[in-house]
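K.L.:
Dumping the structure here so I can ask a few things about it.
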Amino acid sequence: MNHPLHLCSVLLLCFSIAFSWAGGALAQSQDSAVESSVWVSVAARAQTATQSTRISSAALEGLRSELVGYRSEFLEAQNVNAARIATTANQIASLGAAPTDGDSESADATAWRLSLNEKLGRLRAPVIEAEEAYLQADGLIREIDSIIRNRQTDALLEFGPTPLNPTLWSGALAGLSTGLDRIRKEIRAAWASPTGKQQFQGQLPVTLLLIIVAAVLLLRSKQWVEFIAGFVVTNTRRGKGVWRFALSLGQLLLPLAGLTALREAAFSSGLLGIGGTTLVNTLIPIGMSIFAARWLAGVLFPKPALAGAEQPRFLSHTTEERTKLRALITALGVVYAVRLFVLTLLDVSSASATVAAVWGFPFLVVAALLFFRLCQALRPGPSEDDELVHGVRLITTVSRVGMLIAVLAPVLGAIGYMSAANALLYPAIISIGLIGLLVVLQRLAGDLYSLVTGADDGQSDALIPILIGFVLTLTSLPIFALVWGVRIADLTEIWARFREGFAIGESRISPTDFLTFAVIFAVGYMITRLVQGTLKSSVLPKTRMDIGGQNAIVSGLGYVGIFLAAVIAISAAGLDLSNLAIVAGALSVGIGFGLQNIVSNFVSGIILLIERPISEGDWIEVGGQMGYVRDISVRSTRIETFDRTDVIVPNSDLVSGTVTNYTRGNLVGRVRVPVGVAYGTDTKRVETILLEIATAHPMVLTTPPARAFFISFGADSLDFEIRAILRDVNFVAAVRSDMNHEINRRFAEEGIEIPFAQRDLWLRNPEALTTPDAGGSA
């Protein structure tokens with residue numbers, strides 16, 4: 001009878017084995033990338049290169065880029081068969097733990113377990129090999145980075161002859177003249193050849209036209225841009241800062257066009273050789289150093305004559321100081337451009353490093369002097385505006401550091417550490433320029449915000465411009481790193497590490513996972529808020545449910561929606577939090593002690609929303625505080641007292657403490673009005689009058705009827721009290737006031753006296769108060 005079942009088991013086992021072999025074959029095909037001969041060759045070359053001292057840094061960089069590509073492939077290969085590995089592992093887990101010595105299981109189960117384990121091993125094989133290859137590639141990359149960094153450090157700290165040695169000056173002059181002579185000889189040789197002269201004569205009209213265009217653009221572009229900017233800004237009501245910035249870019253673009261025309265004119269002449277071509281190719285960097293410095297100085301410290309131009313608030317400099325700052329920044333640009341021109345000539349002449357150091361030292365000294373004076377002039381005066389203290393403090397700190405660098409760099413250069421001096425001074429100058437550019441872009445963000453929103457110009461203190469400035473600052477960090485000598489490979493390595501994420505157990509969490517989680521959670525959160533708003537404004541008001549119930553449903557839906565959004569986002573991002581269970585369990589103990597009050601209030605808030613002992617709008621009294629419930633949140637409840645002050649009560653106090661709710665279920669409540677009359681008054685008459693007053697008030701219910709009671713014989717009066725049930729207890733103070741007015745009127749008409757407290761003073765020994773005789777003793 002068991003043969004059919006046994007046959008089915010055998011067939012199922014055969015199919016599973018066949019499927020396992022197929023999965024293993026697929027895994028082996030995917031594994032071929034790890035075991036490819038190309039990778040083995042690249043890894044061998046990299047190991048040989050790291051052991052060699054003669055290979056150049058450029059060759060190491062090229063080899064490193066190959067290794068980075070393979071490392072990325074190996075990282076992706078670690079996810080091969082991830083779904084099948086998870087399925088197979090779950091199948092093995094469903095069989096339970098493997099039998100021990102005293103236990104046994106059926107032959108079919110044992111065979112199935114062995115088959116699944118073999119399949120899991122074959123599926124994990126390419127993953128393990130990819131992990132090993134990844135570690136090998138990563139180790140080789142680290143070795144290459146270490147070698148290149150050591151070489152950079154050695155070059156930076158290289159000690160050479162001092163440029164102040166007069167014996168080196170003649171060689172430096174000869175090196176510069178050699179470069180000029182080479183370019184001159186190349187031009188003469190081209191002119192002497194028939195083809196060169198013919199090409200020059202044929203291209204002469206084009207060359208002259210390009211030179212004229214270049215001269216006009218280079219000499220007149222600034223005046224044109226300032227005139228157009230002044231006209232546009234004067235005749236514009238909104239967005240003056242945006243238009244002024246956009247037009248000021250003409251001071252960069254037009255000279256760039258002029259430099260391009262000048263370079264093309266030189267090329268069209270046909271007289272340039274290798275040296276001349278090298279020099280002409282640096283025309284644009286040389287010219288843009290000057291024009292960029294002039295543009296930045298103009299937008300940071302504008303002339304007072306420019307319409308609507310103003311400098312940043314924390315750069316509170318006078319007109320004379322602005323003029324000085326513009327001149328210093330422009331002079332730095334000129335010095336940098338001339339230095340680049342001289343270094344290009346030395347490169348044409350293939351001058352030695354010593355010659356380059358001798359020529360570079362004068363430029364270093366001049367640039368350091370200008371930079372020192374610039375940092376001195378940048379330091380703003382003390383500000384009493386709290387909003388500007390941070391900016392003033394930052395500029396002051398940067399200026400002091402810049403002054404220190406300006407003093408240290410020439411000293412290092414004079415000693416012989418020209419590489420270190422150059423690496424210290426010029427990046428500092430460029431960094432100051434980048435900071436100034438960030439200030440300009442921050443102000444532009446404020447002007448754009450004002451233009452879009454219609455606010456006043458220069459709203460840089462608004463939240464959105466500040467956030468834009470923060471993003472710009474973060475974006476500029478890689479640029480600052482490159483300026484200070486960080487390799488592009490180092491930045492890409494940081495980005496690669498960031499993209500890889502971090503591993504927890506067998507799970508790897510990457511920024512992509514976090515981004516997926518954030519997007520899906522944000523979508524779920526917005527959908528939850530949309531549904532809450534629809535229920536609160538359109539659906540629930542049409543039901544018979546009271547306000548408290550409606551608020552409870554809306555709040556509960558919000559909690560459930562946020563929870564579901566978080567769960568769905570975690571699942572969609574593929575975050576396996578099971579490995580965090582142990583850590584979370586350990587942390588939960590400490591967190592439980594530290595946040596027990598918050599958790600207690602949160603749970604109490606849920607209880608308040610479910611049981612609804614109080615609702616928004618109820619008149620309650622708790623902990624000696626009386627008022628209306630205005631809001632029930634997750635942690636606390638806000639009560640508005642009759643003095644129009646808000647009292648925040650923790651939800652746990654409302655659940656565990658005693659709460660008096662005057663309007664729970666309905667608004668009916670009782671008013672009590674005490675009154676006293678003089679002794680000797682007809683008590684029955686007083687009781688009748690009080691009952692008539694209570695019954696006549698429109699807020700008093702007829703059922704149950706109002707009552708008037710003779711309470712007690714007081715020390716000074718006969719005490720009575722009106723007790724009546726009101727339609728709306730919220731008007732208890734007004735009803736009590738109305739009844740007191742009516743009692744006073746009726747008692748006056750009836751001649752009934754309302755007594756006040758009287759006390760008779762009896763002196764036991766009045767003779768003690770008499771004045772003694774003149775002759776008696778005191």
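Ligands are numbered from 1 in the order shown, chains are lettered A, B, ... in the order of the structure tokens, and residues start at 1 in each chain.
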Quick one: residues within 9 Å of stretch 438-442 of chain A, only C-alpha atoms counted, chain neighbours fewer than 5 positions away excluded, as a PDB file with N, CA and C atoms, in the first residue's frame?
P.N.:
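What follows is the written file out_11.pdb:
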```pdb
ATOM      1  N   PHE A 245      23.889  89.178 -11.123  1.00  0.00           N
ATOM      2  CA  PHE A 245      24.824  88.050 -11.172  1.00  0.00           C
ATOM      3  C   PHE A 245      24.892  87.467 -12.581  1.00  0.00           C
ATOM      4  N   LEU A 296      35.568  87.790  -9.396  1.00  0.00           N
ATOM      5  CA  LEU A 296      35.239  87.437  -8.021  1.00  0.00           C
ATOM      6  C   LEU A 296      35.394  88.640  -7.099  1.00  0.00           C
ATOM      7  N   VAL A 299      32.252  90.936  -7.621  1.00  0.00           N
ATOM      8  CA  VAL A 299      30.963  90.503  -7.081  1.00  0.00           C
ATOM      9  C   VAL A 299      30.996  90.410  -5.555  1.00  0.00           C
ATOM     10  N   LEU A 300      32.171  90.166  -4.984  1.00  0.00           N
ATOM     11  CA  LEU A 300      32.260  90.119  -3.524  1.00  0.00           C
ATOM     12  C   LEU A 300      32.311  91.522  -2.916  1.00  0.00           C
ATOM     13  N   PRO A 312      28.106  91.025   1.077  1.00  0.00           N
ATOM     14  CA  PRO A 312      27.473  90.257   2.142  1.00  0.00           C
ATOM     15  C   PRO A 312      27.496  90.998   3.464  1.00  0.00           C
ATOM     16  N   GLY A 433      39.587  81.770  -2.513  1.00  0.00           N
ATOM     17  CA  GLY A 433      38.731  82.093  -3.652  1.00  0.00           C
ATOM     18  C   GLY A 433      37.487  81.223  -3.704  1.00  0.00           C
ATOM     19  N   ASP A 447      18.703  85.500  -3.497  1.00  0.00           N
ATOM     20  CA  ASP A 447      18.058  86.339  -4.515  1.00  0.00           C
ATOM     21  C   ASP A 447      17.064  85.532  -5.359  1.00  0.00           C
ATOM     22  N   SER A 460      18.391  85.966   2.274  1.00  0.00           N
ATOM     23  CA  SER A 460      19.329  84.848   2.447  1.00  0.00           C
ATOM     24  C   SER A 460      19.182  84.168   3.794  1.00  0.00           C
ATOM     25  N   PRO A 465      17.133  79.075   1.277  1.00  0.00           N
ATOM     26  CA  PRO A 465      18.488  79.491   0.888  1.00  0.00           C
ATOM     27  C   PRO A 465      19.575  78.940   1.801  1.00  0.00           C
ATOM     28  N   ILE A 466      19.273  78.825   3.088  1.00  0.00           N
ATOM     29  CA  ILE A 466      20.280  78.274   4.000  1.00  0.00           C
ATOM     30  C   ILE A 466      20.534  76.809   3.685  1.00  0.00           C
ATOM     31  N   ILE A 468      20.135  75.402   0.754  1.00  0.00           N
ATOM     32  CA  ILE A 468      20.884  75.383  -0.505  1.00  0.00           C
ATOM     33  C   ILE A 468      22.362  75.673  -0.246  1.00  0.00           C
ATOM     34  N   GLY A 469      22.636  76.629   0.623  1.00  0.00           N
ATOM     35  CA  GLY A 469      24.021  76.921   0.975  1.00  0.00           C
ATOM     36  C   GLY A 469      24.712  75.750   1.641  1.00  0.00           C
ATOM     37  N   PHE A 470      23.968  75.035   2.486  1.00  0.00           N
ATOM     38  CA  PHE A 470      24.540  73.851   3.138  1.00  0.00           C
ATOM     39  C   PHE A 470      24.883  72.783   2.105  1.00  0.00           C
ATOM     40  N   LEU A 472      25.539  73.304  -1.081  1.00  0.00           N
ATOM     41  CA  LEU A 472      26.683  73.796  -1.851  1.00  0.00           C
ATOM     42  C   LEU A 472      27.982  73.575  -1.092  1.00  0.00           C
ATOM     43  N   THR A 473      27.961  73.778   0.212  1.00  0.00           N
ATOM     44  CA  THR A 473      29.163  73.570   1.009  1.00  0.00           C
ATOM     45  C   THR A 473      29.588  72.111   0.988  1.00  0.00           C
ATOM     46  N   SER A 476      31.107  71.243  -2.331  1.00  0.00           N
ATOM     47  CA  SER A 476      32.429  71.824  -2.577  1.00  0.00           C
ATOM     48  C   SER A 476      33.551  71.096  -1.849  1.00  0.00           C
TER      49      SER A 476
END
```
K.L.:
As a short mmCIF file (atom, residue, chain, number, x, y, z; two decimals) with N, CA and C atoms, in the first residue's frame, please: the residues near stretch 48-50 of chain A (cut-off 8 Å, only C-alpha atoms, same-chain neighbours under 2 positions excluded).
P.N.:
```
data_model
loop_
_atom_site.label_atom_id
_atom_site.label_comp_id
_atom_site.auth_asym_id
_atom_site.auth_seq_id
_atom_site.Cartn_x
_atom_site.Cartn_y
_atom_site.Cartn_z
N ALA A 44 48.37 39.18 -11.21
CA ALA A 44 49.81 38.90 -11.20
C ALA A 44 50.62 40.16 -11.53
N ARG A 45 50.17 40.92 -12.53
CA ARG A 45 50.86 42.18 -12.87
C ARG A 45 50.84 43.15 -11.71
N ALA A 46 49.70 43.22 -11.00
CA ALA A 46 49.60 44.14 -9.88
C ALA A 46 50.54 43.73 -8.75
N SER A 52 57.90 46.33 -7.33
CA SER A 52 58.92 47.01 -8.12
C SER A 52 59.02 48.46 -7.69
N THR A 53 60.21 49.00 -7.70
CA THR A 53 60.45 50.40 -7.34
C THR A 53 60.65 51.29 -8.56
N ILE A 55 58.59 51.26 -11.41
CA ILE A 55 57.37 51.56 -12.14
C ILE A 55 56.88 52.97 -11.77
N LEU A 60 51.03 52.95 -12.20
CA LEU A 60 50.31 52.41 -11.04
C LEU A 60 48.86 52.87 -11.03
N LEU A 140 45.23 44.66 -3.15
CA LEU A 140 46.16 45.22 -4.14
C LEU A 140 45.94 46.71 -4.32
N GLU A 143 47.56 48.51 -1.47
CA GLU A 143 49.01 48.56 -1.61
C GLU A 143 49.43 49.64 -2.60
N ILE A 144 48.75 49.72 -3.74
CA ILE A 144 49.09 50.75 -4.73
C ILE A 144 48.86 52.14 -4.16
N ILE A 147 51.71 53.01 -1.90
CA ILE A 147 52.93 53.35 -2.64
C ILE A 147 52.86 54.76 -3.20
#
```
K.L.:
Of the candidates A:Ala293, A:Ala59, A:Ala414, A:Ala214, which shows the shortest atom-to-atom distance to A:Leu256, using only C-alpha atoms?
P.N.:
A:Ala214
K.L.:
Can you tell me which residues surround stretch 707-717 of chain A at a distance of at most 12 Å, considering only C-alpha atoms, apart from same-chain residues fewer than 5 positions away, and format the answer as a PyMOL selection string?
P.N.:
chain A and resi 670-695+700-702+722-725+752-759
K.L.:
Could you pull the residues within 12 Å of stretch 282-289 of chain A, counting only C-alpha atoms, minus those fewer than 3 positions along the same chain, as a PyMOL selection string?
P.N.:
chain A and resi 214+218+251-266+275-279+292-296+329-345+347-348+430+433
K.L.:
Just the residues within 7 Å of stretch 555-567 of chain A, please, counting only C-alpha atoms, with nothing from its chain fewer than 2 positions along; format it as a CSV table (one decimal) with N, CA, C and O atoms, in the first residue's frame.
P.N.:
```csv
chain,number,residue,atom,x,y,z
A,521,PHE,N,9.3,55.0,2.4
A,521,PHE,CA,8.7,55.5,3.7
A,521,PHE,C,8.0,56.8,3.5
A,521,PHE,O,6.9,57.1,4.1
A,524,GLY,N,4.8,56.3,1.7
A,524,GLY,CA,3.8,55.8,2.6
A,524,GLY,C,3.3,56.8,3.6
A,524,GLY,O,2.1,56.9,4.0
A,525,TYR,N,4.2,57.6,4.1
A,525,TYR,CA,3.9,58.7,5.1
A,525,TYR,C,2.9,59.7,4.4
A,525,TYR,O,1.9,60.1,5.1
A,528,THR,N,-0.5,58.2,4.0
A,528,THR,CA,-1.2,58.1,5.3
A,528,THR,C,-1.8,59.5,5.7
A,528,THR,O,-2.9,59.6,6.1
A,532,GLN,N,-5.7,60.5,6.1
A,532,GLN,CA,-6.1,61.1,7.4
A,532,GLN,C,-6.9,62.4,7.1
A,532,GLN,O,-7.9,62.7,7.7
A,551,ASN,N,-11.4,62.0,16.1
A,551,ASN,CA,-10.0,62.2,16.4
A,551,ASN,C,-9.3,61.0,16.7
A,551,ASN,O,-8.1,60.7,16.3
A,552,ALA,N,-9.9,60.1,17.5
A,552,ALA,CA,-9.3,58.8,17.8
A,552,ALA,C,-9.1,58.0,16.6
A,552,ALA,O,-8.0,57.3,16.4
A,553,ILE,N,-10.0,57.9,15.7
A,553,ILE,CA,-9.9,57.1,14.4
A,553,ILE,C,-8.7,57.7,13.6
A,553,ILE,O,-7.9,57.0,13.0
A,569,ALA,N,8.7,49.7,3.7
A,569,ALA,CA,10.0,50.2,3.3
A,569,ALA,C,11.2,49.3,3.6
A,569,ALA,O,12.1,49.2,2.8
A,570,ILE,N,11.2,48.7,4.8
A,570,ILE,CA,12.2,47.8,5.2
A,570,ILE,C,12.3,46.6,4.3
A,570,ILE,O,13.3,46.1,3.8
A,571,SER,N,11.1,46.1,4.0
A,571,SER,CA,11.0,44.9,3.1
A,571,SER,C,11.4,45.2,1.7
A,571,SER,O,12.2,44.4,1.0
```
K.L.:
Report the residues of stretch 113-318 of chain A whose backbone DSSP state falls under helix (DSSP H, G or I), written as a PyMOL selection string.
P.N.:
chain A and resi 113-156+166-192+194-202+204-234+240-248+250-269+274-281+283-300
K.L.:
Please identify the strand (DSSP E or B) residues within stretch 492-680 of chain A (assignment by DSSP from backbone atoms) and present them as an mmCIF file with N, CA and C atoms, in the first residue's frame.
P.N.:
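As written to disk, part04.cif reads:
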```cif
data_model
loop_
_atom_site.group_PDB
_atom_site.id
_atom_site.type_symbol
_atom_site.label_atom_id
_atom_site.label_comp_id
_atom_site.auth_asym_id
_atom_site.auth_seq_id
_atom_site.Cartn_x
_atom_site.Cartn_y
_atom_site.Cartn_z
ATOM 1 N N PHE A 502 28.035 48.809 4.501
ATOM 2 C CA PHE A 502 28.721 48.056 5.546
ATOM 3 C C PHE A 502 27.983 46.738 5.756
ATOM 4 N N ALA A 503 28.717 45.753 6.217
ATOM 5 C CA ALA A 503 28.170 44.414 6.391
ATOM 6 C C ALA A 503 27.862 44.174 7.854
ATOM 7 N N ILE A 504 26.698 43.563 8.083
ATOM 8 C CA ILE A 504 26.298 43.119 9.416
ATOM 9 C C ILE A 504 25.956 41.644 9.296
ATOM 10 N N SER A 507 24.526 40.111 5.955
ATOM 11 C CA SER A 507 23.787 41.134 5.217
ATOM 12 C C SER A 507 24.677 42.341 4.976
ATOM 13 N N ARG A 508 24.490 42.972 3.836
ATOM 14 C CA ARG A 508 25.216 44.190 3.495
ATOM 15 C C ARG A 508 24.214 45.304 3.266
ATOM 16 N N ILE A 509 24.400 46.394 3.989
ATOM 17 C CA ILE A 509 23.502 47.542 3.911
ATOM 18 C C ILE A 509 24.239 48.661 3.190
ATOM 19 N N TRP A 619 -14.263 69.107 29.396
ATOM 20 C CA TRP A 619 -13.850 69.921 30.547
ATOM 21 C C TRP A 619 -13.445 68.957 31.645
ATOM 22 N N ILE A 620 -12.148 68.944 31.966
ATOM 23 C CA ILE A 620 -11.655 67.980 32.943
ATOM 24 C C ILE A 620 -10.862 68.700 34.027
ATOM 25 N N GLU A 621 -10.597 67.942 35.078
ATOM 26 C CA GLU A 621 -9.747 68.406 36.173
ATOM 27 C C GLU A 621 -8.815 67.267 36.530
ATOM 28 N N VAL A 622 -7.509 67.518 36.499
ATOM 29 C CA VAL A 622 -6.517 66.505 36.809
ATOM 30 C C VAL A 622 -5.323 67.176 37.463
ATOM 31 N N GLN A 625 -5.331 70.874 38.067
ATOM 32 C CA GLN A 625 -5.495 71.727 36.903
ATOM 33 C C GLN A 625 -6.854 71.468 36.266
ATOM 34 N N MET A 626 -7.555 72.547 35.916
ATOM 35 C CA MET A 626 -8.886 72.448 35.333
ATOM 36 C C MET A 626 -8.909 73.215 34.026
ATOM 37 N N GLY A 627 -9.522 72.618 33.010
ATOM 38 C CA GLY A 627 -9.625 73.305 31.729
ATOM 39 C C GLY A 627 -10.180 72.375 30.671
ATOM 40 N N TYR A 628 -10.056 72.804 29.408
ATOM 41 C CA TYR A 628 -10.575 72.050 28.271
ATOM 42 C C TYR A 628 -9.443 71.290 27.589
ATOM 43 N N VAL A 629 -9.738 70.063 27.187
ATOM 44 C CA VAL A 629 -8.764 69.257 26.436
ATOM 45 C C VAL A 629 -8.724 69.778 24.999
ATOM 46 N N ARG A 630 -7.546 70.194 24.576
ATOM 47 C CA ARG A 630 -7.395 70.752 23.236
ATOM 48 C C ARG A 630 -6.695 69.799 22.277
ATOM 49 N N ASP A 631 -5.828 68.929 22.790
ATOM 50 C CA ASP A 631 -5.098 68.040 21.887
ATOM 51 C C ASP A 631 -4.593 66.842 22.670
ATOM 52 N N ILE A 632 -4.740 65.647 22.082
ATOM 53 C CA ILE A 632 -4.215 64.408 22.660
ATOM 54 C C ILE A 632 -3.187 63.868 21.681
ATOM 55 N N SER A 636 1.693 63.293 25.306
ATOM 56 C CA SER A 636 1.052 64.126 26.313
ATOM 57 C C SER A 636 -0.264 64.662 25.784
ATOM 58 N N THR A 637 -0.997 65.310 26.692
ATOM 59 C CA THR A 637 -2.279 65.934 26.370
ATOM 60 C C THR A 637 -2.202 67.397 26.751
ATOM 61 N N ARG A 638 -2.700 68.251 25.873
ATOM 62 C CA ARG A 638 -2.668 69.697 26.127
ATOM 63 C C ARG A 638 -4.032 70.156 26.646
ATOM 64 N N ILE A 639 -4.008 70.819 27.784
ATOM 65 C CA ILE A 639 -5.220 71.332 28.418
ATOM 66 C C ILE A 639 -5.145 72.852 28.435
ATOM 67 N N GLU A 640 -6.198 73.486 27.978
ATOM 68 C CA GLU A 640 -6.294 74.946 28.012
ATOM 69 C C GLU A 640 -7.119 75.349 29.225
ATOM 70 N N THR A 641 -6.493 76.042 30.164
ATOM 71 C CA THR A 641 -7.193 76.443 31.378
ATOM 72 C C THR A 641 -8.105 77.630 31.086
ATOM 73 N N ASP A 646 -1.847 77.099 28.487
ATOM 74 C CA ASP A 646 -1.773 75.686 28.124
ATOM 75 C C ASP A 646 -1.002 74.918 29.188
ATOM 76 N N VAL A 647 -1.561 73.807 29.608
ATOM 77 C CA VAL A 647 -0.916 72.912 30.569
ATOM 78 C C VAL A 647 -0.681 71.578 29.863
ATOM 79 N N ILE A 648 0.566 71.133 29.813
ATOM 80 C CA ILE A 648 0.926 69.861 29.179
ATOM 81 C C ILE A 648 0.944 68.786 30.257
ATOM 82 N N VAL A 649 0.055 67.812 30.128
ATOM 83 C CA VAL A 649 -0.082 66.743 31.112
ATOM 84 C C VAL A 649 0.378 65.443 30.475
ATOM 85 N N PRO A 650 1.340 64.724 31.063
ATOM 86 C CA PRO A 650 1.731 63.410 30.507
ATOM 87 C C PRO A 650 0.541 62.458 30.471
ATOM 88 N N VAL A 659 -9.039 61.540 37.345
ATOM 89 C CA VAL A 659 -9.442 62.579 36.400
ATOM 90 C C VAL A 659 -10.934 62.842 36.575
ATOM 91 N N THR A 660 -11.288 64.087 36.702
ATOM 92 C CA THR A 660 -12.696 64.489 36.760
ATOM 93 C C THR A 660 -13.086 65.058 35.418
ATOM 94 N N ASN A 661 -14.057 64.417 34.760
ATOM 95 C CA ASN A 661 -14.535 64.850 33.448
ATOM 96 C C ASN A 661 -15.942 65.404 33.627
ATOM 97 N N GLY A 669 -24.829 69.368 33.956
ATOM 98 C CA GLY A 669 -24.073 69.470 35.198
ATOM 99 C C GLY A 669 -24.830 70.260 36.247
ATOM 100 N N ARG A 670 -24.364 70.192 37.477
ATOM 101 C CA ARG A 670 -25.074 70.839 38.583
ATOM 102 C C ARG A 670 -24.368 72.108 39.001
ATOM 103 N N VAL A 671 -25.189 73.107 39.409
ATOM 104 C CA VAL A 671 -24.684 74.343 39.958
ATOM 105 C C VAL A 671 -25.118 74.430 41.414
ATOM 106 N N ARG A 672 -24.242 74.921 42.253
ATOM 107 C CA ARG A 672 -24.549 75.104 43.677
ATOM 108 C C ARG A 672 -24.272 76.555 44.030
ATOM 109 N N VAL A 673 -25.332 77.225 44.585
ATOM 110 C CA VAL A 673 -25.229 78.646 44.925
ATOM 111 C C VAL A 673 -25.524 78.797 46.418
ATOM 112 N N PRO A 674 -24.524 78.995 47.265
ATOM 113 C CA PRO A 674 -24.758 79.185 48.704
ATOM 114 C C PRO A 674 -25.122 80.644 49.018
ATOM 115 N N VAL A 675 -25.923 80.849 50.087
ATOM 116 C CA VAL A 675 -26.310 82.193 50.511
ATOM 117 C C VAL A 675 -26.681 82.126 51.995
ATOM 118 N N GLY A 676 -26.429 83.184 52.729
ATOM 119 C CA GLY A 676 -26.769 83.241 54.143
ATOM 120 C C GLY A 676 -27.677 84.421 54.447
ATOM 121 N N VAL A 677 -28.635 84.248 55.439
ATOM 122 C CA VAL A 677 -29.544 85.320 55.853
ATOM 123 C C VAL A 677 -29.387 85.511 57.355
#
```
K.L.:
Measuring between only C-alpha atoms, which one of A:Asn740, A:Asn601, A:Thr492, A:Gln51 shows the shortest distance to A:Gly69?
P.N.:
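Of all the options, A:Thr492 lies closest to A:Gly69.
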K.L.:
Env of A:Val531: 9 Å cut, atoms = only C-alpha atoms, seq-sep filter 4 positions within chain, self excluded. Answer as a list in words.
P.N.:
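Selected residues are Met526, Ile527, Leu535, Lys536, Val554, Leu557 and Gly558 of chain A.
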